[in-house]
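Below: one structure, written as structure tokens.
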Amino acid sequence: MQRFGRWLVTPWRRSLVAAVAGALPVLAFPAPSLWWFAYVALVPWILLLRTAPTGRRALRDGWCGGFGFMLAMHHWLLPNLHVFTVVLAALLGALWAPWGWLVRRFLAGAPGPARIGAALAVLPSGWLLAELVRSWEGLGGPWGVLGASQWQVEAALRLASVGGIWLLSFLVVALNVAVAALVSVPGSRVPAVAGLVATATVTSAAWVWSPRPDADGRTRLAVVQPGVIKAGTDSADRRFAVEERLTRDLVGEDVDLIVWGESSVGFDLGRRTDLADRIAALARETGAPVLVNVDARRSDKPGIYKSSVLVGPEGLTGARYDKMRLVPFGEYIPARSLLGWATSVGEAAGEDRRRGSAQVVMRAGSGLRVGPMVCFESAFPDMSRHLAEDGAQVLVAQSATSTFQQSWAPGQHASLAALRAAETGRPMVHATLTGVSAVHDASGRRVGSWLGTSERTARVYDVPLARGTTPYVRFGDWPLQAALLILAAWCAAEGVRTVRIRRPGPGSRVPPARTAHESPARPGR
């Protein structure tokens, strides 16, 4: 151990270890899906940070660990964004530099029980602040929030209905801090164990007292997944033909809604009325409206939009949702005048997509109220929460991850549906072009089997509906607000402590300052 400590003296080696330690939590997410590993995945990074010789070194170790985490979480972007993936990981990793400093501030040396207890509240709050900032859509959105690793844990899904994914992140970080204190800080057993017990108590309380979604009938939904279509000038036409054929297989299935994936229609249906007529014919044959996704230049206004469009037996219903939150570099180039050259080194958007202005709840077959989202909008918990507030009975995310077909991205994206369903108490459909497609009930449990990346099919799901309002929908992102209050309280306490240290005590006397015109009295005068 001492030899390893001497090896770490070299700055670049320490930075390398920090980056590797920061990357470990990605193993808790799909595809490895080692959800239990999230409870200790931060421990090596925390142990490194607490041994940083200076605050500046802790800042650097926090940055390097954040870089490792972001690069590992988004490694599947490398074939498309190339060097931009590394640059973005480095920029986002800087958000964890202050967290690294906080870890050293609380856990360095031999902290007492009071400091350990404070660490169990302040360090998770600092982590949440980093996740909050990087969740801004311009920075890539909340993909890979630590709490999302718990998407298949029933107790965690129950907690998500209380405080959303943010509560899960807070508790996971608190567990890691407690474990790190137990294994590295002498005399920390009491506060660390108390932290573990408190986490278990919160989880048990949520399990017992959090309201369950009330059953409110059932609905039959169908997902059409056309699979990979070979690229070419006529690929949009060939994809449409496959989707049309698969949808006809649903005749006689008595479904209430048929969902196609993102960019399932590559033409504006106002201009290509022949395609709109063919989709309407499908709606008549199957007895269900079809929710398609159009990725095309609109005929009624300038620009290219990605839009969820509902087509009924009589044709276009008028229900339309234009995607509001766009993928940076994928669907638009931030500051294109400066960064437009990114299109020459990766598969960045050649022309910026336009943004929608408001979310929409659509009325589909049998009066079913559907709240659509497009692609990575399903990563934003506030969007699904607002749809539930607006009366959506079913959440739908239309996605396409064919660009990252052989990576961990499709599974990671599909897993978000479980969290959004549990948070809102509403079932969610995640429909893709090439997999992974999934359906989850109002508690976040999987309905039926996932459609993998090798499948080309139309699948019917019998989905239980639910009513009622979860605490998360009612109270919103209260864990984030609590985290900010904790950090503010700690900053205020630190300020008061600093003032007290600098202020002279009541018994100390400070000699008066001597001016330039004063001179010491001469002896004898």
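Ordered as shown in the structure tokens, chains take letters A, B, and onward, while each chain numbers its residues from 1 and ligands are numbered from 1 in the order shown.
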**Q.** Residue neighbourhood Ser169 (chain A), 8 Å, only C-alpha atoms, exclusion window fewer than 5 positions, as a PyMOL selection string
**A.** chain A and resi 124+128+145-148
Q: From the DSSP assignment of the backbone, select every residue of region 80-311 of chain A that is strand (DSSP E), and format the answer as a ChimeraX atom specification.
A: /A:214-225,257-260,290-297,304-311
Residues just named, written with N, CA, C and O atoms as a short mmCIF file (atom, residue, chain, number, x, y, z; two decimals), in the first residue's frame:
```cif
data_model
loop_
_atom_site.label_atom_id
_atom_site.label_comp_id
_atom_site.auth_asym_id
_atom_site.auth_seq_id
_atom_site.Cartn_x
_atom_site.Cartn_y
_atom_site.Cartn_z
N ASP A 214 -53.16 3.80 -8.41
CA ASP A 214 -54.45 3.11 -8.37
C ASP A 214 -54.80 2.59 -9.76
O ASP A 214 -54.70 3.32 -10.75
N ALA A 215 -55.20 1.34 -9.84
CA ALA A 215 -55.57 0.75 -11.13
C ALA A 215 -56.74 1.50 -11.74
O ALA A 215 -57.68 1.90 -11.05
N ASP A 216 -56.68 1.70 -13.05
CA ASP A 216 -57.72 2.46 -13.74
C ASP A 216 -57.95 1.87 -15.13
O ASP A 216 -57.89 2.56 -16.15
N GLY A 217 -58.19 0.57 -15.17
CA GLY A 217 -58.46 -0.09 -16.45
C GLY A 217 -57.19 -0.51 -17.15
O GLY A 217 -56.08 -0.50 -16.58
N ARG A 218 -57.33 -0.89 -18.41
CA ARG A 218 -56.21 -1.37 -19.20
C ARG A 218 -56.32 -0.83 -20.62
O ARG A 218 -57.40 -0.40 -21.06
N THR A 219 -55.23 -0.85 -21.32
CA THR A 219 -55.21 -0.46 -22.72
C THR A 219 -54.27 -1.38 -23.47
O THR A 219 -53.33 -1.93 -22.89
N ARG A 220 -54.53 -1.56 -24.75
CA ARG A 220 -53.67 -2.40 -25.59
C ARG A 220 -52.93 -1.48 -26.57
O ARG A 220 -53.54 -0.76 -27.36
N LEU A 221 -51.60 -1.53 -26.46
CA LEU A 221 -50.74 -0.68 -27.28
C LEU A 221 -49.83 -1.55 -28.12
O LEU A 221 -49.43 -2.64 -27.70
N ALA A 222 -49.51 -1.08 -29.30
CA ALA A 222 -48.62 -1.82 -30.19
C ALA A 222 -47.41 -0.97 -30.56
O ALA A 222 -47.54 0.24 -30.80
N VAL A 223 -46.26 -1.60 -30.57
CA VAL A 223 -45.01 -0.94 -30.98
C VAL A 223 -44.55 -1.59 -32.28
O VAL A 223 -44.45 -2.82 -32.38
N VAL A 224 -44.26 -0.76 -33.27
CA VAL A 224 -43.75 -1.23 -34.56
C VAL A 224 -42.27 -0.90 -34.64
O VAL A 224 -41.89 0.28 -34.60
N GLN A 225 -41.44 -1.91 -34.72
CA GLN A 225 -39.99 -1.73 -34.79
C GLN A 225 -39.49 -2.32 -36.11
O GLN A 225 -39.38 -3.53 -36.27
N LEU A 257 -53.82 1.97 -29.72
CA LEU A 257 -52.85 2.91 -30.29
C LEU A 257 -51.67 2.12 -30.84
O LEU A 257 -51.22 1.15 -30.23
N ILE A 258 -51.19 2.55 -32.01
CA ILE A 258 -50.00 1.96 -32.63
C ILE A 258 -48.92 3.04 -32.65
O ILE A 258 -49.16 4.17 -33.08
N VAL A 259 -47.72 2.70 -32.18
CA VAL A 259 -46.64 3.67 -32.07
C VAL A 259 -45.48 3.27 -32.97
O VAL A 259 -44.99 2.14 -32.89
N TRP A 260 -45.07 4.19 -33.82
CA TRP A 260 -43.87 4.03 -34.63
C TRP A 260 -42.73 4.82 -33.96
O TRP A 260 -42.97 5.71 -33.15
N VAL A 290 -52.51 5.82 -35.47
CA VAL A 290 -51.07 5.53 -35.54
C VAL A 290 -50.31 6.80 -35.17
O VAL A 290 -50.52 7.86 -35.79
N LEU A 291 -49.43 6.69 -34.17
CA LEU A 291 -48.58 7.81 -33.78
C LEU A 291 -47.24 7.63 -34.48
O LEU A 291 -46.45 6.75 -34.13
N VAL A 292 -47.00 8.45 -35.50
CA VAL A 292 -45.75 8.38 -36.25
C VAL A 292 -44.85 9.53 -35.81
O VAL A 292 -45.24 10.40 -35.04
N ASN A 293 -43.64 9.52 -36.32
CA ASN A 293 -42.71 10.61 -36.04
C ASN A 293 -42.10 11.08 -37.35
O ASN A 293 -41.48 10.29 -38.07
N VAL A 294 -42.33 12.34 -37.66
CA VAL A 294 -41.91 12.92 -38.93
C VAL A 294 -40.63 13.72 -38.73
O VAL A 294 -40.56 14.60 -37.85
N ASP A 295 -39.62 13.42 -39.51
CA ASP A 295 -38.35 14.16 -39.50
C ASP A 295 -38.15 14.74 -40.88
O ASP A 295 -37.60 14.08 -41.78
N ALA A 296 -38.65 15.96 -41.09
CA ALA A 296 -38.64 16.52 -42.44
C ALA A 296 -38.86 18.03 -42.39
O ALA A 296 -39.30 18.58 -41.38
N ARG A 297 -38.58 18.66 -43.51
CA ARG A 297 -38.85 20.08 -43.64
C ARG A 297 -40.36 20.28 -43.76
O ARG A 297 -41.02 19.64 -44.58
N ILE A 304 -36.63 22.39 -40.51
CA ILE A 304 -36.83 20.96 -40.30
C ILE A 304 -37.21 20.74 -38.84
O ILE A 304 -36.58 21.26 -37.93
N TYR A 305 -38.24 19.94 -38.63
CA TYR A 305 -38.73 19.62 -37.29
C TYR A 305 -38.76 18.10 -37.12
O TYR A 305 -38.91 17.36 -38.09
N LYS A 306 -38.62 17.67 -35.87
CA LYS A 306 -38.94 16.30 -35.51
C LYS A 306 -40.25 16.35 -34.74
O LYS A 306 -40.32 16.95 -33.66
N SER A 307 -41.27 15.69 -35.30
CA SER A 307 -42.61 15.88 -34.77
C SER A 307 -43.34 14.56 -34.59
O SER A 307 -43.30 13.69 -35.47
N SER A 308 -44.00 14.42 -33.46
CA SER A 308 -44.93 13.31 -33.24
C SER A 308 -46.27 13.72 -33.84
O SER A 308 -46.83 14.76 -33.48
N VAL A 309 -46.77 12.91 -34.76
CA VAL A 309 -47.99 13.24 -35.49
C VAL A 309 -48.97 12.08 -35.36
O VAL A 309 -48.62 10.92 -35.64
N LEU A 310 -50.20 12.38 -34.96
CA LEU A 310 -51.22 11.35 -34.79
C LEU A 310 -52.09 11.30 -36.04
O LEU A 310 -52.66 12.31 -36.47
N VAL A 311 -52.19 10.10 -36.61
CA VAL A 311 -52.99 9.88 -37.82
C VAL A 311 -54.11 8.91 -37.49
O VAL A 311 -53.87 7.81 -36.97
#
```
Q. Can you list, as an NGL selection string, every protein, DNA or RNA residue that comes within 12 Å of Ser378 (chain A) when you count only C-alpha atoms, leaving out same-chain residues fewer than 6 positions away?
A. :A and (137 or 141-143 or 323-326 or 371-372 or 384-385 or 387 or 395-399 or 412-421 or 428-431)
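Atom pair CA of Val190 (chain A) / CA of Leu42 (chain A) has a distance of 20.8 Å (rounded to one decimal).
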Q: Would you list the contacts of Thr403 (chain A) as a PyMOL selection string, taking every protein, DNA or RNA residue within 10 Å and counting only C-alpha atoms, but skipping same-chain residues closer than 4 positions in sequence?
A: chain A and resi 76-77+79-80+228+347+407+409-410+434
Q) Which residue out of A:Trp101, A:Tyr472, A:Phe329, A:Trp35 has the minimum interatomic distance to Thr85 (chain A) when only C-alpha atoms are used? A) A:Phe329
(Q) Residues within 12 Å of Thr51 (chain A), please, as an MDAnalysis selection string. Count only C-alpha atoms; anything in the same chain fewer than 5 positions from it doesn't count. (A) chainID A and resid 5 8:9 14 18 44:46 57:58 61 100:101 103:110 184:185
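Distances from A:Gly270, A:Pro381, A:Gly391, A:Gly287 to Leu250 (chain A) were compared using only C-alpha atoms, and the smallest one belongs to A:Gly287.
We find CA of Arg353 (chain A) and CA of Gly318 (chain A) to be spaced 21.0 Å apart.
Contact shell of Pro191 (chain A) at 8 Å (only C-alpha atoms; same-chain neighbours under 4 positions omitted): Pro113, Ala114, Ile116, Gly117 and Gly195 of chain A.
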Once you have the residues from the selection above, write them out as a CSV table (one decimal), in the first residue's frame, restricted to C-alpha atoms.
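For reference, selection.csv as written:
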```
chain,number,residue,atom,x,y,z
A,113,PRO,CA,-18.2,12.1,14.1
A,114,ALA,CA,-19.6,15.5,13.5
A,116,ILE,CA,-18.5,12.5,9.1
A,117,GLY,CA,-22.2,13.2,9.8
A,195,GLY,CA,-25.8,6.9,7.7
```
(Q) Show me, as a PyMOL selection string, the residues that have an atom within 10 Å of Leu92 (chain A) when counting only C-alpha atoms, minus same-chain residues fewer than 3 positions from it. (A) chain A and resi 63+66-67+69-71+86-89+95-97+130-131+133-134+139-140
Q.
Let's see if you can do this: from backbone DSSP, list all alpha helix (DSSP H) residues in region 321-440 of chain A, as a VMD selection string.
A. chain A and resid 336 to 339 381 to 389 409 to 424
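For the pair CA of Gly227 (chain A) and CA of Val439 (chain A), the separation is 17.5 Å.
Distances from A:Ser33, A:Ser402, A:Ser299, A:Ser125 to Trp490 (chain A) were compared using only C-alpha atoms, and the smallest one belongs to A:Ser125.
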